[in-house]
Each structure stands twice: as C-alpha cells, then as structure tokens.
Amino acid sequence: ARGILFIQQGKYPDAQADFAKAERLDPEVRFGSPVQGLLELQQNNLAGAETTIRTRLRAHPNDAYLHYLLAEVLTRKGAAVGSSEFNQAVQAAQTAVTLQPVFPLARDMLGRLYLQQGRTKQAIAQSRLAIAQDPTDQMALYHLLIALRKDNQTAEIPALSKKLASLRAQARAKEENEHKYMLVETKPPAH
C-alpha cells in the first residue's frame, strides 16, 4: 500500500523498494508484480516495463493484469500492425480477457487492436462488452463509434455520439469541481 502511495507522490525509487520488499516477504503477493510494471510504464520506461512484465509473466502466467500490461507496453512502444510485437499485443489482450472476462481495460485494448487490424466486427463486439461492463467507458464508446462508422452501421452513431459528448462533459465538470476544491484547499491562510 505504501508503494502505491509513493507512486502517487512521484517517489518512484521508494515505490520500487517497497514492491521489492513486499515480494521478498511474500512471493505470492497479488499486486506487487503488476504494480511494478505499471510503475515503469508511468515513468515511460517501456523497455524496463516490458522486461519486468515478461519476467513476472513467467512466474505468474495466469495473471490477467500482467497480460494486459504487456499489451499496453507493446502498443506504447509503437508496434506496427502485422509485426511480431503487434501480434504479441493482440495475444496478450486476448489472454487477459480470457483469464478475466470482466476487465474493461483489456477489452478496450483488444477492441482498439482489432480496429487497427481492420477486424471491425470483433472491435465492435469487444467495445460493446467493455461498455456493458462499464457504461461510462469513454474509450470503449469512442472505439465503438469508429468501428461502427468503418462497418457502415450508422443507425446508432447519433445516439452514441450524444452519449460520448455527455460523458465527456460530465468528466470535465467533475475535474473542474475537483480542481476548484484543490484550489480552495491549498489556498494559504490569510494573515
């Protein structure tokens, strides 16, 4: 838990030390491996993240989150459609949703990868599943809109576009409200 707090504070070396200690104390710790991979991703250390994730996957091959993180790293590294790395990203995302069917992030990733491959029917299916699991998932909704357009299924597009615009407006309003609160909260006391 402290490692996660260190990540939020930007204290990455402290976070890494805590994750390493957690795994020494309990090699079966559930979140140590994925969180360390996520830490490296947040630091934009894609090569380090990939190495960490692949190492952890050898030890925990049934960890859906690690498979998702591998797909995320490979795509962030710029894997081109049809390349070995891109195919590995697709396989990793497929494995993630197989291992954990209710996993909107992985379904978003898989839908996006299918869309890039031109597999619009599969992209539509994954996006619909992600939205069913999280109705506020803007990325899945965006990918669904793109896939429906590519597949010439235009009937739903106006309603889905309105829904996406509404979700974006709600997110902006929430962010603005939280920002206002932060400004009030951090305002120095008057002397």
# chains A, B, ... in the order shown; residues from 1 in each chain; ligands from 1
>>> residues_around(residues="Leu160 of chain A", least_positions_apart="2", cutoff="9 Å", atoms="only C-alpha atoms", output="list of chain:residue names")
A:Leu141, A:Tyr142, A:Leu144, A:Leu145, A:Glu156, A:Ile157, A:Pro158, A:Lys162, A:Lys163, A:Leu164, A:Ala165
>>> write_last_selection(atoms="all heavy atoms", output="JSON list (two decimals), in the first residue's frame")
[["chain", "number", "residue", "atom", "x", "y", "z"],
["A", 141, "LEU", "N", -16.49, 3.53, -25.90],
["A", 141, "LEU", "CA", -17.54, 4.18, -26.67],
["A", 141, "LEU", "C", -16.95, 4.84, -27.93],
["A", 141, "LEU", "O", -17.51, 4.71, -29.03],
["A", 141, "LEU", "CB", -18.25, 5.22, -25.81],
["A", 141, "LEU", "CG", -19.54, 5.83, -26.32],
["A", 141, "LEU", "CD1", -20.54, 4.78, -26.75],
["A", 141, "LEU", "CD2", -20.14, 6.72, -25.25],
["A", 142, "TYR", "N", -15.82, 5.49, -27.78],
["A", 142, "TYR", "CA", -15.14, 6.10, -28.92],
["A", 142, "TYR", "C", -14.73, 5.04, -29.95],
["A", 142, "TYR", "O", -14.97, 5.21, -31.15],
["A", 142, "TYR", "CB", -13.91, 6.87, -28.42],
["A", 142, "TYR", "CG", -13.07, 7.46, -29.52],
["A", 142, "TYR", "CD1", -13.50, 8.57, -30.23],
["A", 142, "TYR", "CD2", -11.84, 6.90, -29.85],
["A", 142, "TYR", "CE1", -12.73, 9.11, -31.24],
["A", 142, "TYR", "CE2", -11.06, 7.43, -30.86],
["A", 142, "TYR", "CZ", -11.50, 8.54, -31.56],
["A", 142, "TYR", "OH", -10.74, 9.06, -32.57],
["A", 144, "LEU", "N", -16.06, 2.12, -30.33],
["A", 144, "LEU", "CA", -17.29, 1.59, -30.92],
["A", 144, "LEU", "C", -17.78, 2.51, -32.04],
["A", 144, "LEU", "O", -18.16, 2.03, -33.12],
["A", 144, "LEU", "CB", -18.37, 1.42, -29.85],
["A", 144, "LEU", "CG", -19.73, 0.92, -30.33],
["A", 144, "LEU", "CD1", -19.62, -0.43, -31.03],
["A", 144, "LEU", "CD2", -20.71, 0.86, -29.17],
["A", 145, "LEU", "N", -17.76, 3.80, -31.80],
["A", 145, "LEU", "CA", -18.18, 4.75, -32.83],
["A", 145, "LEU", "C", -17.34, 4.61, -34.10],
["A", 145, "LEU", "O", -17.87, 4.57, -35.21],
["A", 145, "LEU", "CB", -18.11, 6.18, -32.31],
["A", 145, "LEU", "CG", -19.25, 6.62, -31.41],
["A", 145, "LEU", "CD1", -18.89, 7.90, -30.66],
["A", 145, "LEU", "CD2", -20.51, 6.81, -32.22],
["A", 156, "GLU", "N", -26.87, 3.73, -35.05],
["A", 156, "GLU", "CA", -26.62, 4.02, -33.63],
["A", 156, "GLU", "C", -25.72, 5.23, -33.41],
["A", 156, "GLU", "O", -25.62, 5.72, -32.28],
["A", 156, "GLU", "CB", -25.91, 2.83, -32.97],
["A", 156, "GLU", "CG", -26.72, 1.58, -32.82],
["A", 156, "GLU", "CD", -25.87, 0.49, -32.20],
["A", 156, "GLU", "OE1", -25.66, 0.54, -30.97],
["A", 156, "GLU", "OE2", -25.41, -0.39, -32.94],
["A", 157, "ILE", "N", -25.04, 5.68, -34.43],
["A", 157, "ILE", "CA", -23.99, 6.69, -34.26],
["A", 157, "ILE", "C", -24.50, 7.99, -33.61],
["A", 157, "ILE", "O", -23.85, 8.50, -32.69],
["A", 157, "ILE", "CB", -23.24, 6.94, -35.59],
["A", 157, "ILE", "CG1", -22.38, 5.70, -35.88],
["A", 157, "ILE", "CG2", -22.40, 8.19, -35.53],
["A", 157, "ILE", "CD1", -21.65, 5.72, -37.20],
["A", 158, "PRO", "N", -25.63, 8.55, -34.02],
["A", 158, "PRO", "CA", -26.07, 9.80, -33.36],
["A", 158, "PRO", "C", -26.29, 9.64, -31.85],
["A", 158, "PRO", "O", -25.83, 10.48, -31.07],
["A", 158, "PRO", "CB", -27.37, 10.15, -34.09],
["A", 158, "PRO", "CG", -27.25, 9.49, -35.43],
["A", 158, "PRO", "CD", -26.49, 8.22, -35.17],
["A", 162, "LYS", "N", -23.98, 11.39, -28.86],
["A", 162, "LYS", "CA", -24.54, 12.20, -27.78],
["A", 162, "LYS", "C", -24.13, 11.65, -26.42],
["A", 162, "LYS", "O", -23.80, 12.42, -25.51],
["A", 162, "LYS", "CB", -26.07, 12.24, -27.89],
["A", 162, "LYS", "CG", -26.58, 13.13, -28.99],
["A", 162, "LYS", "CD", -28.09, 13.15, -29.03],
["A", 162, "LYS", "CE", -28.58, 13.94, -30.22],
["A", 162, "LYS", "NZ", -30.04, 13.90, -30.35],
["A", 163, "LYS", "N", -24.14, 10.34, -26.29],
["A", 163, "LYS", "CA", -23.75, 9.72, -25.02],
["A", 163, "LYS", "C", -22.27, 10.03, -24.71],
["A", 163, "LYS", "O", -21.93, 10.38, -23.59],
["A", 163, "LYS", "CB", -23.97, 8.21, -25.06],
["A", 163, "LYS", "CG", -23.62, 7.51, -23.77],
["A", 163, "LYS", "CD", -23.92, 6.03, -23.82],
["A", 163, "LYS", "CE", -23.52, 5.36, -22.51],
["A", 163, "LYS", "NZ", -23.75, 3.92, -22.53],
["A", 164, "LEU", "N", -21.41, 9.93, -25.72],
["A", 164, "LEU", "CA", -20.00, 10.22, -25.53],
["A", 164, "LEU", "C", -19.81, 11.69, -25.15],
["A", 164, "LEU", "O", -19.05, 12.01, -24.23],
["A", 164, "LEU", "CB", -19.19, 9.88, -26.78],
["A", 164, "LEU", "CG", -17.68, 10.14, -26.70],
["A", 164, "LEU", "CD1", -17.04, 9.37, -25.55],
["A", 164, "LEU", "CD2", -17.02, 9.78, -28.02],
["A", 165, "ALA", "N", -20.50, 12.58, -25.83],
["A", 165, "ALA", "CA", -20.40, 14.01, -25.51],
["A", 165, "ALA", "C", -20.85, 14.28, -24.08],
["A", 165, "ALA", "O", -20.23, 15.05, -23.35],
["A", 165, "ALA", "CB", -21.22, 14.84, -26.50]]
>>> residues_around(residues="Met109 of chain A", least_positions_apart="5", cutoff="8 Å", atoms="only C-alpha atoms", output="MDAnalysis selection string")
chainID A and resid 68 71:72 93
>>> write_last_selection(atoms="N, CA, C and O atoms", output="PDB file, in the first residue's frame")
ATOM      1  N   TYR A  68      -2.514  -7.809 -19.743  1.00  0.00           N
ATOM      2  CA  TYR A  68      -2.983  -6.500 -20.213  1.00  0.00           C
ATOM      3  C   TYR A  68      -1.817  -5.503 -20.282  1.00  0.00           C
ATOM      4  O   TYR A  68      -1.672  -4.774 -21.256  1.00  0.00           O
ATOM      5  N   ALA A  71       0.346  -6.008 -23.284  1.00  0.00           N
ATOM      6  CA  ALA A  71      -0.280  -5.439 -24.489  1.00  0.00           C
ATOM      7  C   ALA A  71      -0.124  -3.923 -24.501  1.00  0.00           C
ATOM      8  O   ALA A  71       0.190  -3.328 -25.539  1.00  0.00           O
ATOM      9  N   GLU A  72      -0.303  -3.294 -23.354  1.00  0.00           N
ATOM     10  CA  GLU A  72      -0.171  -1.839 -23.245  1.00  0.00           C
ATOM     11  C   GLU A  72       1.251  -1.395 -23.580  1.00  0.00           C
ATOM     12  O   GLU A  72       1.453  -0.449 -24.357  1.00  0.00           O
ATOM     13  N   ALA A  93      -3.681  -9.298 -24.976  1.00  0.00           N
ATOM     14  CA  ALA A  93      -5.006  -8.745 -24.654  1.00  0.00           C
ATOM     15  C   ALA A  93      -6.075  -9.838 -24.687  1.00  0.00           C
ATOM     16  O   ALA A  93      -6.962  -9.878 -23.832  1.00  0.00           O
TER      17      ALA A  93
END
>>> residues_around(residues="segment 123-132 of chain A", least_positions_apart="5", cutoff="7 Å", atoms="only C-alpha atoms", output="PDB file with all heavy atoms, in the first residue's frame")
ATOM      1  N   PRO A 104     -12.749  -4.349 -18.326  1.00  0.00           N
ATOM      2  CA  PRO A 104     -12.975  -3.351 -19.372  1.00  0.00           C
ATOM      3  C   PRO A 104     -11.694  -2.788 -20.002  1.00  0.00           C
ATOM      4  O   PRO A 104     -11.667  -2.558 -21.215  1.00  0.00           O
ATOM      5  CB  PRO A 104     -13.767  -2.253 -18.665  1.00  0.00           C
ATOM      6  CG  PRO A 104     -14.406  -2.916 -17.500  1.00  0.00           C
ATOM      7  CD  PRO A 104     -13.471  -4.009 -17.091  1.00  0.00           C
ATOM      8  N   ARG A 107     -10.524  -5.231 -22.503  1.00  0.00           N
ATOM      9  CA  ARG A 107     -11.459  -5.265 -23.639  1.00  0.00           C
ATOM     10  C   ARG A 107     -11.289  -4.020 -24.510  1.00  0.00           C
ATOM     11  O   ARG A 107     -11.340  -4.110 -25.736  1.00  0.00           O
ATOM     12  CB  ARG A 107     -12.888  -5.409 -23.147  1.00  0.00           C
ATOM     13  CG  ARG A 107     -13.122  -6.770 -22.519  1.00  0.00           C
ATOM     14  CD  ARG A 107     -14.510  -7.273 -22.737  1.00  0.00           C
ATOM     15  NE  ARG A 107     -14.675  -8.582 -22.118  1.00  0.00           N
ATOM     16  CZ  ARG A 107     -14.492  -9.733 -22.759  1.00  0.00           C
ATOM     17  NH1 ARG A 107     -14.137  -9.747 -24.026  1.00  0.00           N
ATOM     18  NH2 ARG A 107     -14.681 -10.874 -22.139  1.00  0.00           N
ATOM     19  N   ASP A 108     -11.062  -2.861 -23.884  1.00  0.00           N
ATOM     20  CA  ASP A 108     -10.760  -1.639 -24.650  1.00  0.00           C
ATOM     21  C   ASP A 108      -9.532  -1.858 -25.518  1.00  0.00           C
ATOM     22  O   ASP A 108      -9.527  -1.521 -26.704  1.00  0.00           O
ATOM     23  CB  ASP A 108     -10.458  -0.471 -23.712  1.00  0.00           C
ATOM     24  CG  ASP A 108     -11.677   0.172 -23.108  1.00  0.00           C
ATOM     25  OD1 ASP A 108     -12.801  -0.118 -23.561  1.00  0.00           O
ATOM     26  OD2 ASP A 108     -11.507   0.974 -22.176  1.00  0.00           O
ATOM     27  N   LEU A 110      -8.157  -4.671 -26.536  1.00  0.00           N
ATOM     28  CA  LEU A 110      -8.403  -5.657 -27.584  1.00  0.00           C
ATOM     29  C   LEU A 110      -9.251  -5.066 -28.701  1.00  0.00           C
ATOM     30  O   LEU A 110      -8.962  -5.262 -29.886  1.00  0.00           O
ATOM     31  CB  LEU A 110      -9.054  -6.902 -26.988  1.00  0.00           C
ATOM     32  CG  LEU A 110      -9.210  -8.101 -27.905  1.00  0.00           C
ATOM     33  CD1 LEU A 110      -7.882  -8.517 -28.534  1.00  0.00           C
ATOM     34  CD2 LEU A 110      -9.820  -9.266 -27.127  1.00  0.00           C
ATOM     35  N   GLY A 111     -10.275  -4.295 -28.334  1.00  0.00           N
ATOM     36  CA  GLY A 111     -11.100  -3.638 -29.347  1.00  0.00           C
ATOM     37  C   GLY A 111     -10.290  -2.687 -30.211  1.00  0.00           C
ATOM     38  O   GLY A 111     -10.438  -2.650 -31.434  1.00  0.00           O
ATOM     39  N   ARG A 112      -9.409  -1.923 -29.564  1.00  0.00           N
ATOM     40  CA  ARG A 112      -8.565  -0.981 -30.312  1.00  0.00           C
ATOM     41  C   ARG A 112      -7.612  -1.723 -31.255  1.00  0.00           C
ATOM     42  O   ARG A 112      -7.428  -1.333 -32.411  1.00  0.00           O
ATOM     43  CB  ARG A 112      -7.765  -0.114 -29.346  1.00  0.00           C
ATOM     44  CG  ARG A 112      -6.930   0.935 -30.055  1.00  0.00           C
ATOM     45  CD  ARG A 112      -6.176   1.796 -29.099  1.00  0.00           C
ATOM     46  NE  ARG A 112      -5.102   0.992 -28.520  1.00  0.00           N
ATOM     47  CZ  ARG A 112      -4.288   1.403 -27.575  1.00  0.00           C
ATOM     48  NH1 ARG A 112      -4.421   2.588 -27.043  1.00  0.00           N
ATOM     49  NH2 ARG A 112      -3.330   0.631 -27.133  1.00  0.00           N
ATOM     50  N   TYR A 114      -8.028  -4.752 -32.523  1.00  0.00           N
ATOM     51  CA  TYR A 114      -8.831  -5.309 -33.618  1.00  0.00           C
ATOM     52  C   TYR A 114      -9.157  -4.220 -34.638  1.00  0.00           C
ATOM     53  O   TYR A 114      -9.125  -4.455 -35.846  1.00  0.00           O
ATOM     54  CB  TYR A 114     -10.119  -5.927 -33.088  1.00  0.00           C
ATOM     55  CG  TYR A 114      -9.979  -7.277 -32.431  1.00  0.00           C
ATOM     56  CD1 TYR A 114     -10.952  -7.720 -31.543  1.00  0.00           C
ATOM     57  CD2 TYR A 114      -8.907  -8.121 -32.696  1.00  0.00           C
ATOM     58  CE1 TYR A 114     -10.858  -8.964 -30.940  1.00  0.00           C
ATOM     59  CE2 TYR A 114      -8.802  -9.366 -32.091  1.00  0.00           C
ATOM     60  CZ  TYR A 114      -9.783  -9.783 -31.212  1.00  0.00           C
ATOM     61  OH  TYR A 114      -9.690 -11.014 -30.620  1.00  0.00           O
ATOM     62  N   LEU A 115      -9.490  -3.034 -34.151  1.00  0.00           N
ATOM     63  CA  LEU A 115      -9.808  -1.918 -35.040  1.00  0.00           C
ATOM     64  C   LEU A 115      -8.604  -1.587 -35.920  1.00  0.00           C
ATOM     65  O   LEU A 115      -8.753  -1.389 -37.134  1.00  0.00           O
ATOM     66  CB  LEU A 115     -10.212  -0.709 -34.204  1.00  0.00           C
ATOM     67  CG  LEU A 115     -10.880   0.453 -34.878  1.00  0.00           C
ATOM     68  CD1 LEU A 115     -12.126   0.021 -35.634  1.00  0.00           C
ATOM     69  CD2 LEU A 115     -11.246   1.509 -33.840  1.00  0.00           C
ATOM     70  N   ASP A 137     -17.381   4.116 -19.849  1.00  0.00           N
ATOM     71  CA  ASP A 137     -16.090   3.919 -20.504  1.00  0.00           C
ATOM     72  C   ASP A 137     -16.043   4.705 -21.815  1.00  0.00           C
ATOM     73  O   ASP A 137     -16.544   4.257 -22.848  1.00  0.00           O
ATOM     74  CB  ASP A 137     -15.859   2.433 -20.751  1.00  0.00           C
ATOM     75  CG  ASP A 137     -14.474   2.112 -21.256  1.00  0.00           C
ATOM     76  OD1 ASP A 137     -13.830   2.990 -21.863  1.00  0.00           O
ATOM     77  OD2 ASP A 137     -14.034   0.967 -21.052  1.00  0.00           O
ATOM     78  N   ALA A 140     -14.006   2.983 -24.831  1.00  0.00           N
ATOM     79  CA  ALA A 140     -14.752   1.914 -25.498  1.00  0.00           C
ATOM     80  C   ALA A 140     -15.841   2.508 -26.388  1.00  0.00           C
ATOM     81  O   ALA A 140     -16.063   2.037 -27.505  1.00  0.00           O
ATOM     82  CB  ALA A 140     -15.349   0.963 -24.466  1.00  0.00           C
ATOM     83  N   LEU A 141     -16.490   3.532 -25.899  1.00  0.00           N
ATOM     84  CA  LEU A 141     -17.540   4.182 -26.674  1.00  0.00           C
ATOM     85  C   LEU A 141     -16.951   4.837 -27.931  1.00  0.00           C
ATOM     86  O   LEU A 141     -17.510   4.708 -29.032  1.00  0.00           O
ATOM     87  CB  LEU A 141     -18.246   5.225 -25.811  1.00  0.00           C
ATOM     88  CG  LEU A 141     -19.537   5.834 -26.320  1.00  0.00           C
ATOM     89  CD1 LEU A 141     -20.538   4.778 -26.748  1.00  0.00           C
ATOM     90  CD2 LEU A 141     -20.143   6.716 -25.251  1.00  0.00           C
ATOM     91  N   HIS A 143     -14.141   3.941 -29.476  1.00  0.00           N
ATOM     92  CA  HIS A 143     -13.746   2.867 -30.394  1.00  0.00           C
ATOM     93  C   HIS A 143     -14.960   2.242 -31.071  1.00  0.00           C
ATOM     94  O   HIS A 143     -14.913   1.887 -32.253  1.00  0.00           O
ATOM     95  CB  HIS A 143     -12.930   1.799 -29.669  1.00  0.00           C
ATOM     96  CG  HIS A 143     -11.588   2.294 -29.231  1.00  0.00           C
ATOM     97  ND1 HIS A 143     -11.029   1.951 -28.029  1.00  0.00           N
ATOM     98  CD2 HIS A 143     -10.698   3.109 -29.832  1.00  0.00           C
ATOM     99  CE1 HIS A 143      -9.851   2.538 -27.913  1.00  0.00           C
ATOM    100  NE2 HIS A 143      -9.635   3.250 -28.992  1.00  0.00           N
ATOM    101  N   LEU A 144     -16.058   2.123 -30.334  1.00  0.00           N
ATOM    102  CA  LEU A 144     -17.287   1.589 -30.921  1.00  0.00           C
ATOM    103  C   LEU A 144     -17.780   2.510 -32.039  1.00  0.00           C
ATOM    104  O   LEU A 144     -18.159   2.026 -33.122  1.00  0.00           O
ATOM    105  CB  LEU A 144     -18.366   1.419 -29.852  1.00  0.00           C
ATOM    106  CG  LEU A 144     -19.725   0.922 -30.330  1.00  0.00           C
ATOM    107  CD1 LEU A 144     -19.616  -0.433 -31.028  1.00  0.00           C
ATOM    108  CD2 LEU A 144     -20.712   0.859 -29.171  1.00  0.00           C
ATOM    109  N   ALA A 147     -15.548   2.022 -35.076  1.00  0.00           N
ATOM    110  CA  ALA A 147     -15.774   0.716 -35.700  1.00  0.00           C
ATOM    111  C   ALA A 147     -17.117   0.684 -36.435  1.00  0.00           C
ATOM    112  O   ALA A 147     -17.208   0.142 -37.545  1.00  0.00           O
ATOM    113  CB  ALA A 147     -15.703  -0.391 -34.647  1.00  0.00           C
ATOM    114  N   LEU A 148     -18.155   1.254 -35.833  1.00  0.00           N
ATOM    115  CA  LEU A 148     -19.464   1.283 -36.494  1.00  0.00           C
ATOM    116  C   LEU A 148     -19.405   2.094 -37.790  1.00  0.00           C
ATOM    117  O   LEU A 148     -19.990   1.687 -38.798  1.00  0.00           O
ATOM    118  CB  LEU A 148     -20.528   1.864 -35.552  1.00  0.00           C
ATOM    119  CG  LEU A 148     -20.941   0.974 -34.380  1.00  0.00           C
ATOM    120  CD1 LEU A 148     -21.829   1.737 -33.402  1.00  0.00           C
ATOM    121  CD2 LEU A 148     -21.635  -0.294 -34.866  1.00  0.00           C
TER     122      LEU A 148
END
>>> closest_residue(among="A:Gly78, A:Gly118, A:Pro101, A:Gly48", to="Lys150 of chain A", atoms="only C-alpha atoms")
A:Gly118
